[in-house]
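A.B. asks: Just one file: my_file.cif, with mmCIF, C-alpha atoms.
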```
data_final
#
loop_
_atom_site.label_atom_id
_atom_site.label_comp_id
_atom_site.auth_asym_id
_atom_site.auth_seq_id
_atom_site.Cartn_x
_atom_site.Cartn_y
_atom_site.Cartn_z
CA MET A 220 -12.22 15.18 -30.60
CA ARG A 221 -14.02 18.37 -31.60
CA MET A 222 -16.69 19.49 -29.14
CA ARG A 223 -20.21 19.31 -30.56
CA ASN A 224 -21.99 22.63 -30.77
CA LYS A 225 -24.54 23.41 -28.11
CA LYS A 226 -28.21 23.29 -28.98
CA ASN A 227 -29.38 26.59 -30.46
CA LEU A 228 -25.80 27.91 -30.50
CA ILE A 229 -26.26 30.15 -33.55
CA PRO A 230 -29.53 31.80 -32.39
CA ARG A 231 -28.02 32.36 -28.94
CA MET A 232 -24.94 34.03 -30.44
CA GLU A 233 -27.11 36.14 -32.73
CA LYS A 234 -28.97 37.51 -29.71
CA CYS A 235 -25.62 38.72 -28.36
CA ALA A 236 -24.32 40.10 -31.65
CA ALA A 237 -23.99 43.60 -30.18
CA VAL A 238 -20.97 42.49 -28.13
CA GLN A 239 -19.26 40.39 -30.82
CA ILE A 240 -16.78 41.80 -33.32
CA PHE A 241 -16.99 40.06 -36.68
CA GLU A 242 -14.26 41.96 -38.53
CA PRO A 243 -11.55 42.71 -35.96
CA GLY A 244 -9.01 43.30 -38.71
CA SER A 245 -10.63 46.67 -39.37
CA LEU A 246 -10.01 47.96 -35.84
CA PRO A 247 -6.24 48.06 -35.08
CA GLY A 248 -5.50 51.43 -33.50
CA ARG A 249 -9.21 52.25 -33.12
CA TRP A 250 -10.46 49.91 -30.41
CA SER A 251 -10.85 52.65 -27.82
CA SER A 252 -13.44 54.35 -30.05
CA LEU A 253 -15.91 51.56 -29.23
CA VAL A 254 -16.39 52.79 -25.66
CA PRO A 255 -17.08 56.50 -25.00
CA GLY A 256 -14.44 57.91 -22.67
CA CYS A 257 -12.32 54.75 -22.91
CA THR A 258 -9.16 55.03 -20.81
CA ASP A 259 -7.37 51.89 -22.04
CA VAL A 260 -7.80 48.66 -24.00
CA ARG A 261 -7.21 45.26 -22.41
CA ALA A 262 -7.27 41.79 -23.98
CA GLU A 263 -8.03 38.39 -22.48
CA MET A 264 -6.46 35.35 -24.12
CA GLY A 265 -9.26 32.77 -23.95
CA CYS A 266 -12.21 34.00 -21.91
CA GLY A 267 -13.98 30.66 -21.41
CA LYS A 268 -17.42 31.20 -19.86
CA GLY A 269 -16.67 34.80 -18.96
CA GLN A 270 -16.68 34.91 -15.16
CA PHE A 271 -13.30 36.68 -15.12
CA THR A 272 -14.20 38.82 -18.14
CA ALA A 273 -17.32 40.21 -16.50
CA GLY A 274 -15.53 40.77 -13.19
CA VAL A 275 -12.73 42.77 -14.79
CA ALA A 276 -15.21 44.82 -16.82
CA LYS A 277 -17.17 45.75 -13.70
CA GLU A 278 -14.05 46.72 -11.77
CA ASN A 279 -12.70 48.78 -14.69
CA PRO A 280 -15.70 50.56 -16.28
CA GLY A 281 -13.47 52.95 -18.23
CA SER A 282 -11.53 50.12 -19.90
CA LEU A 283 -12.51 48.21 -23.01
CA ILE A 284 -12.07 44.46 -22.42
CA VAL A 285 -11.55 42.51 -25.64
CA ALA A 286 -12.07 38.79 -24.99
CA LEU A 287 -10.66 36.26 -27.43
CA GLU A 288 -12.11 32.74 -27.49
CA LYS A 289 -11.87 30.11 -30.21
CA VAL A 290 -14.49 27.78 -28.68
CA PRO A 291 -17.96 29.14 -29.54
CA ASN A 292 -19.64 26.85 -26.99
CA ALA A 293 -17.78 28.67 -24.23
CA MET A 294 -17.90 32.12 -25.78
CA VAL A 295 -21.68 32.14 -26.11
CA THR A 296 -22.01 31.64 -22.36
CA ALA A 297 -19.61 34.52 -21.74
CA MET A 298 -21.50 36.73 -24.17
CA GLU A 299 -24.82 35.94 -22.50
CA ARG A 300 -23.33 36.75 -19.09
CA VAL A 301 -22.06 40.14 -20.26
CA CYS A 302 -25.37 40.97 -21.94
CA ALA A 303 -27.40 39.91 -18.90
CA GLU A 304 -25.27 42.14 -16.67
CA GLU A 305 -25.57 44.98 -19.20
CA LEU A 306 -21.84 45.53 -19.38
CA LYS A 307 -21.07 48.00 -22.17
CA ASN A 308 -17.27 47.76 -22.12
CA VAL A 309 -16.71 44.18 -23.35
CA ARG A 310 -16.33 42.86 -26.90
CA PHE A 311 -15.77 39.27 -28.01
CA ILE A 312 -13.79 37.84 -30.92
CA ASP A 313 -14.05 34.25 -32.15
CA THR A 314 -10.38 33.75 -33.02
CA ASP A 315 -7.06 32.20 -32.03
CA VAL A 316 -4.41 34.10 -30.06
CA ILE A 317 -1.94 33.58 -32.91
CA ASN A 318 -3.88 36.26 -34.84
CA LEU A 319 -3.20 39.07 -32.35
CA ARG A 320 -0.99 41.10 -34.68
CA ASP A 321 -3.85 41.34 -37.18
CA ILE A 322 -6.23 42.61 -34.50
CA PHE A 323 -4.33 45.20 -32.46
CA ALA A 324 -1.83 47.94 -33.27
CA PRO A 325 1.62 48.10 -31.64
CA GLY A 326 1.33 49.54 -28.14
CA GLU A 327 -2.49 49.49 -28.19
CA LEU A 328 -3.01 47.15 -25.23
CA SER A 329 -2.36 48.22 -21.66
CA VAL A 330 -3.01 44.79 -20.10
CA ILE A 331 -3.02 41.24 -21.47
CA TYR A 332 -4.64 38.53 -19.35
CA VAL A 333 -3.42 34.95 -19.76
CA ASN A 334 -5.42 32.70 -17.44
CA PHE A 335 -5.04 28.93 -17.18
CA PRO A 336 -3.87 28.28 -20.74
CA ASP A 337 -3.49 24.78 -22.15
CA PRO A 338 -0.18 23.51 -20.66
CA TRP A 339 0.95 21.51 -23.71
CA PRO A 340 3.10 19.33 -21.40
CA ARG A 341 5.23 17.51 -23.96
CA LYS A 342 8.55 19.20 -24.74
CA LYS A 343 7.97 19.12 -28.49
CA GLU A 344 4.67 20.97 -27.95
CA ALA A 345 6.25 23.85 -26.00
CA LYS A 346 5.90 26.28 -28.91
CA HIS A 347 2.11 26.10 -28.50
CA ARG A 348 2.15 27.36 -24.90
CA LEU A 349 0.78 30.89 -24.61
CA THR A 350 3.94 31.93 -22.76
CA ALA A 351 6.27 30.52 -25.42
CA PRO A 352 8.64 33.05 -27.05
CA ARG A 353 6.59 33.50 -30.24
CA PHE A 354 3.55 34.54 -28.18
CA LEU A 355 5.53 36.69 -25.76
CA ALA A 356 7.01 38.53 -28.76
CA MET A 357 3.50 39.45 -29.90
CA TYR A 358 2.49 40.58 -26.41
CA TRP A 359 5.66 42.67 -26.12
CA ASP A 360 5.02 44.56 -29.34
CA LEU A 361 1.34 45.17 -28.54
CA LEU A 362 2.08 46.63 -25.09
CA PRO A 363 3.49 50.10 -24.38
CA VAL A 364 6.34 50.56 -21.91
CA GLY A 365 4.74 49.91 -18.52
CA GLY A 366 2.07 47.67 -20.05
CA ARG A 367 1.71 44.31 -18.41
CA ILE A 368 0.75 40.67 -18.70
CA GLU A 369 -1.20 39.16 -15.81
CA TYR A 370 -0.67 35.41 -15.81
CA LYS A 371 -2.28 32.61 -13.79
CA THR A 372 -2.00 28.83 -13.94
CA ASP A 373 -2.54 25.81 -11.70
CA GLN A 374 0.51 24.06 -13.24
CA ALA A 375 3.56 24.87 -11.09
CA TRP A 376 6.04 23.42 -13.60
CA LEU A 377 4.51 25.53 -16.39
CA PHE A 378 4.60 28.61 -14.19
CA ASP A 379 8.32 28.20 -13.45
CA TRP A 380 9.03 27.59 -17.15
CA SER A 381 7.01 30.70 -18.04
CA LEU A 382 8.93 32.85 -15.56
CA GLU A 383 12.11 31.94 -17.45
CA GLN A 384 10.51 32.88 -20.78
CA PHE A 385 9.28 36.23 -19.47
CA THR A 386 12.77 37.06 -18.23
CA LEU A 387 14.44 36.05 -21.49
CA MET A 388 12.09 38.33 -23.42
CA GLY A 389 12.96 41.28 -21.16
CA PHE A 390 9.85 41.55 -18.99
CA ALA A 391 10.25 42.62 -15.36
CA LEU A 392 8.47 40.22 -13.01
CA HIS A 393 6.32 41.35 -10.07
CA ASP A 394 3.90 39.83 -7.56
CA ILE A 395 5.18 36.28 -8.06
CA THR A 396 3.32 33.69 -6.01
CA HIS A 397 2.86 29.93 -6.13
CA ASP A 398 -0.24 30.06 -3.90
CA LEU A 399 -2.30 33.13 -4.72
CA HIS A 400 -5.26 32.27 -2.47
CA GLU A 401 -3.26 30.90 0.48
CA ASN A 402 -4.87 33.42 2.84
CA GLY A 403 -8.27 33.62 1.16
CA VAL A 404 -9.62 34.64 -2.23
CA THR A 405 -7.48 37.27 -3.94
CA GLY A 406 -8.64 39.13 -7.03
CA ILE A 407 -11.15 38.07 -9.68
CA MET A 408 -11.45 34.35 -10.34
CA THR A 409 -12.12 32.48 -13.56
CA ASN A 410 -14.61 29.61 -13.67
CA TYR A 411 -11.77 27.10 -13.53
CA GLU A 412 -10.10 28.97 -10.70
CA SER A 413 -13.22 28.88 -8.53
CA ARG A 414 -13.30 25.11 -8.90
CA PHE A 415 -9.58 24.75 -8.20
CA TYR A 416 -9.91 26.91 -5.10
CA ALA A 417 -12.75 24.74 -3.79
CA GLU A 418 -10.56 21.68 -4.34
CA GLY A 419 -7.55 23.25 -2.58
CA VAL A 420 -5.40 23.44 -5.73
CA PRO A 421 -2.71 26.16 -5.39
CA ILE A 422 -2.81 28.88 -8.03
CA CYS A 423 0.37 30.47 -9.39
CA ARG A 424 0.33 34.10 -10.53
CA CYS A 425 2.71 36.81 -11.66
CA VAL A 426 2.71 40.15 -13.43
CA ALA A 427 5.17 40.70 -16.29
CA VAL A 428 5.84 44.34 -17.19
CA LYS A 429 7.32 45.65 -20.45
CA THR A 430 10.38 47.69 -19.53
CA GLU A 431 11.88 48.95 -22.80
CA ASP A 432 10.71 50.75 -25.92
CA ARG A 433 12.09 48.35 -28.52
CA PRO A 434 10.78 45.63 -30.82
CA ALA A 435 10.63 42.14 -29.37
CA VAL A 436 13.81 40.10 -29.71
CA LEU A 437 13.31 36.34 -29.72
CA PRO A 438 15.87 34.41 -27.67
CA GLU A 439 18.29 32.20 -29.55
CA PRO A 440 16.93 28.65 -29.92
CA GLU A 441 18.66 25.95 -27.95
CA LYS A 442 21.29 24.15 -29.99
CA LYS A 443 20.87 20.44 -30.27
CA PRO A 444 23.86 18.43 -29.02
CA ALA A 445 26.10 17.17 -31.79
CA ALA A 446 25.50 13.56 -32.68
CA GLU A 447 28.08 11.16 -31.39
CA GLU A 448 30.42 9.88 -34.09
#
```
Go ahead and render the structure in this file as structure tokens.

C.D. replies:
Amino acid sequence: MRMRNKKNLIPRMEKCAAVQIFEPGSLPGRWSSLVPGCTDVRAEMGCGKGQFTAGVAKENPGSLIVALEKVPNAMVTAMERVCAEELKNVRFIDTDVINLRDIFAPGELSVIYVNFPDPWPRKKEAKHRLTAPRFLAMYWDLLPVGGRIEYKTDQAWLFDWSLEQFTLMGFALHDITHDLHENGVTGIMTNYESRFYAEGVPICRCVAVKTEDRPAVLPEPEKKPAAEE
């Protein structure tokens, strides 16, 4: 069921128009020009209400944080947070992750954040997971050598599956943990993560680094077993 729009959604978004990009297709290769003295461009795949977005922007004032979110009800809250905190290095795009290649140039992103994506638990839905090969291929081509994906999820089975996909694509894995906050809060939390932490839910995290200067190569699809005669 589609979520109903919040009351006054359009006027609220209009008030934050300065931090929203309406024609991202005109900016591949030029994103850094939006922030004077920009050192690098980072993208967040689904920013939700923006707690993580704002935290990363404050910790990295020289970086441009481009937050993608296809749910306007969530994005407007994130936009209002960034505007209220007067953060000048964040921009928002109302779009789906599948459109990344139309938004960024090859090698333009230094970091891609993938936090608590929809798990799509059924096997036939695996292609929709944001760590499925078709998405990892996009990330690979948009990162330079040494660029990285920072990935978090509360789903241990999805995390282990994703580790396999990262490896197949050629990423080097670092900082792998199945309980990120075991000894207390570590790093910047998302809204969901704060709630999970309060409930004692373990958080899985890893960093996947691009290691080679080559186009992405999708792994061979699994062959279906031959039907019994």

A.B. asks: For Pro325 in chain A, find every residue with an atom within 8 Å (counting only C-alpha atoms), except residues of its own chain fewer than 6 positions away, and show them as a list in words.

C.D. replies: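 Near neighbours after the sequence-gap exclusion: Asp360, Leu361, Leu362 and Pro363 of chain A.
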
A.B. asks: Pick out the closest residue to Asp337 in chain A from this set: A:Ala391, A:Ala324, A:Met294, A:Ala351. Count all atoms listed in the file.

C.D. replies: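 Ranked by minimum distance to Asp337 in chain A, first place goes to A:Ala351.
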
A.B. asks: Would you work out the distance separating CA of Asn318 in chain A from CA of Val285 in chain A, expressed in Å to one decimal?

C.D. replies: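 Between CA of Asn318 in chain A and CA of Val285 in chain A the gap works out to 13.5 Å.
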
A.B. asks: For the structure shown, which residues end up in the PyMOL selection byres ((chain A and resi 330-334) around 6)? Put them as a PyMOL selection string, please?

C.D. replies: chain A and resi 261-264+328-329+335-336+366-371

A.B. asks: Could you check which of A:Pro338, A:Gly389, A:Pro255, A:Gly403 is closest to Ala375 in chain A, using only C-alpha atoms?

C.D. replies: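 Checking each of A:Pro338, A:Gly389, A:Pro255, A:Gly403 against Ala375 in chain A, counting only C-alpha atoms, the winner is A:Pro338.
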
A.B. asks: Expressed in Å to a single decimal, how great is the separation between CA of Arg353 in chain A and CA of Glu412 in chain A?

C.D. replies: 26.1 Å

A.B. asks: Could you please determine the separation between CA of Met232 in chain A and CA of Phe311 in chain A in Å, to one decimal place?

C.D. replies: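 We find that CA of Met232 in chain A and CA of Phe311 in chain A lie 10.8 Å from each other.
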
A.B. asks: Closest to Asp315 in chain A among A:Leu287, A:Leu253, A:Leu437, A:Val428, using all atoms listed in the file?

C.D. replies: A:Leu287

A.B. asks: Taking the file as shown, what set of residues would the PyMOL selection byres ((chain A and resi 303-309) around 12) give back, as a ChimeraX atom specification?

C.D. replies: /A:234-240,250-263,266,269-287,296-302,310-312

A.B. asks: Kindly indicate which residue among A:Asp313, A:Lys225, A:Lys268, A:Pro230 lies nearest to Glu242 in chain A, using all atoms listed in the file for the distances.

C.D. replies: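 Going through A:Asp313, A:Lys225, A:Lys268, A:Pro230 one by one, the smallest distance to Glu242 in chain A is for A:Asp313.
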
A.B. asks: For the file shown, what are the residues hit by the PyMOL selection byres ((chain A and resi 438) around 12), laid out as a ChimeraX atom specification?

C.D. replies: /A:351-353,355-356,383-389,435-437,439-442

A.B. asks: List the neighbours of Gln374 in chain A out to 8 Å using only C-alpha atoms; skip same-chain residues closer than 3 positions along the sequence, and give me the result as JSON, numbers by chain.

C.D. replies: {"A": [338, 377, 378, 422, 423]}

A.B. asks: Tell me which protein, DNA and RNA residues are within 9 Å of Val316 in chain A, counting all atoms listed in the file, leaving out same-chain ones fewer than 3 positions away, and put them as an MDAnalysis selection string.

C.D. replies: chainID A and resid 264:265 287:289 319 349 354

A.B. asks: Residues within 12 Å of Ala417 in chain A, please, as a PyMOL selection string. Count all atoms listed in the file; anything in the same chain fewer than 4 positions from it doesn't count.

C.D. replies: chain A and resi 400+403-404+408+410-413+421-422

A.B. asks: Any chance you could export the current selection's C-alpha atoms as a PDB file, in the frame of the given file?

C.D. replies:
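Final output, saved to selection24.pdb:
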```pdb
ATOM      1  CA  HIS A 400      -5.260  32.270  -2.470  1.00  0.00           C
ATOM      2  CA  GLY A 403      -8.270  33.620   1.160  1.00  0.00           C
ATOM      3  CA  VAL A 404      -9.620  34.640  -2.230  1.00  0.00           C
ATOM      4  CA  MET A 408     -11.450  34.350 -10.340  1.00  0.00           C
ATOM      5  CA  ASN A 410     -14.610  29.610 -13.670  1.00  0.00           C
ATOM      6  CA  TYR A 411     -11.770  27.100 -13.530  1.00  0.00           C
ATOM      7  CA  GLU A 412     -10.100  28.970 -10.700  1.00  0.00           C
ATOM      8  CA  SER A 413     -13.220  28.880  -8.530  1.00  0.00           C
ATOM      9  CA  PRO A 421      -2.710  26.160  -5.390  1.00  0.00           C
ATOM     10  CA  ILE A 422      -2.810  28.880  -8.030  1.00  0.00           C
TER      11      ILE A 422
END
```

A.B. asks: So which one's closest to Arg424 in chain A, A:Thr372, A:Thr409, A:Ser381, A:Asn402? Using all atoms listed in the file, please.

C.D. replies: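 Closest candidate: A:Thr372.
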
A.B. asks: Restricting the calculation to all atoms listed in the file, which member of A:Pro243, A:Gly365, A:Pro291, A:Pro340 is positioned closest to Phe323 in chain A?

C.D. replies: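 The answer is A:Pro243, which sits nearest to Phe323 in chain A.
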
A.B. asks: Assuming 8 Å of padding per side, give the centre and edge lengths of the axis-aligned box around every listed atom of range 324-342 of chain A, in Å to one decimal and as lines of an AutoDock Vina configuration file.

C.D. replies:
```
center_x = 1.6
center_y = 33.5
center_z = -25.2
size_x = 30.0
size_y = 48.0
size_z = 32.1
```

A.B. asks: Give me, as a PDB file with C-alpha atoms, keeping the file's coordinate frame, all polymer residues having an atom no more than 6 Å from Val364 in chain A, counting all atoms listed in the file and skipping those fewer than 2 positions away in the same chain.

C.D. replies:
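The resulting part12.pdb:
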```
ATOM      1  CA  GLY A 366       2.070  47.670 -20.050  1.00  0.00           C
ATOM      2  CA  LYS A 429       7.320  45.650 -20.450  1.00  0.00           C
ATOM      3  CA  THR A 430      10.380  47.690 -19.530  1.00  0.00           C
ATOM      4  CA  GLU A 431      11.880  48.950 -22.800  1.00  0.00           C
ATOM      5  CA  ASP A 432      10.710  50.750 -25.920  1.00  0.00           C
TER       6      ASP A 432
END
```
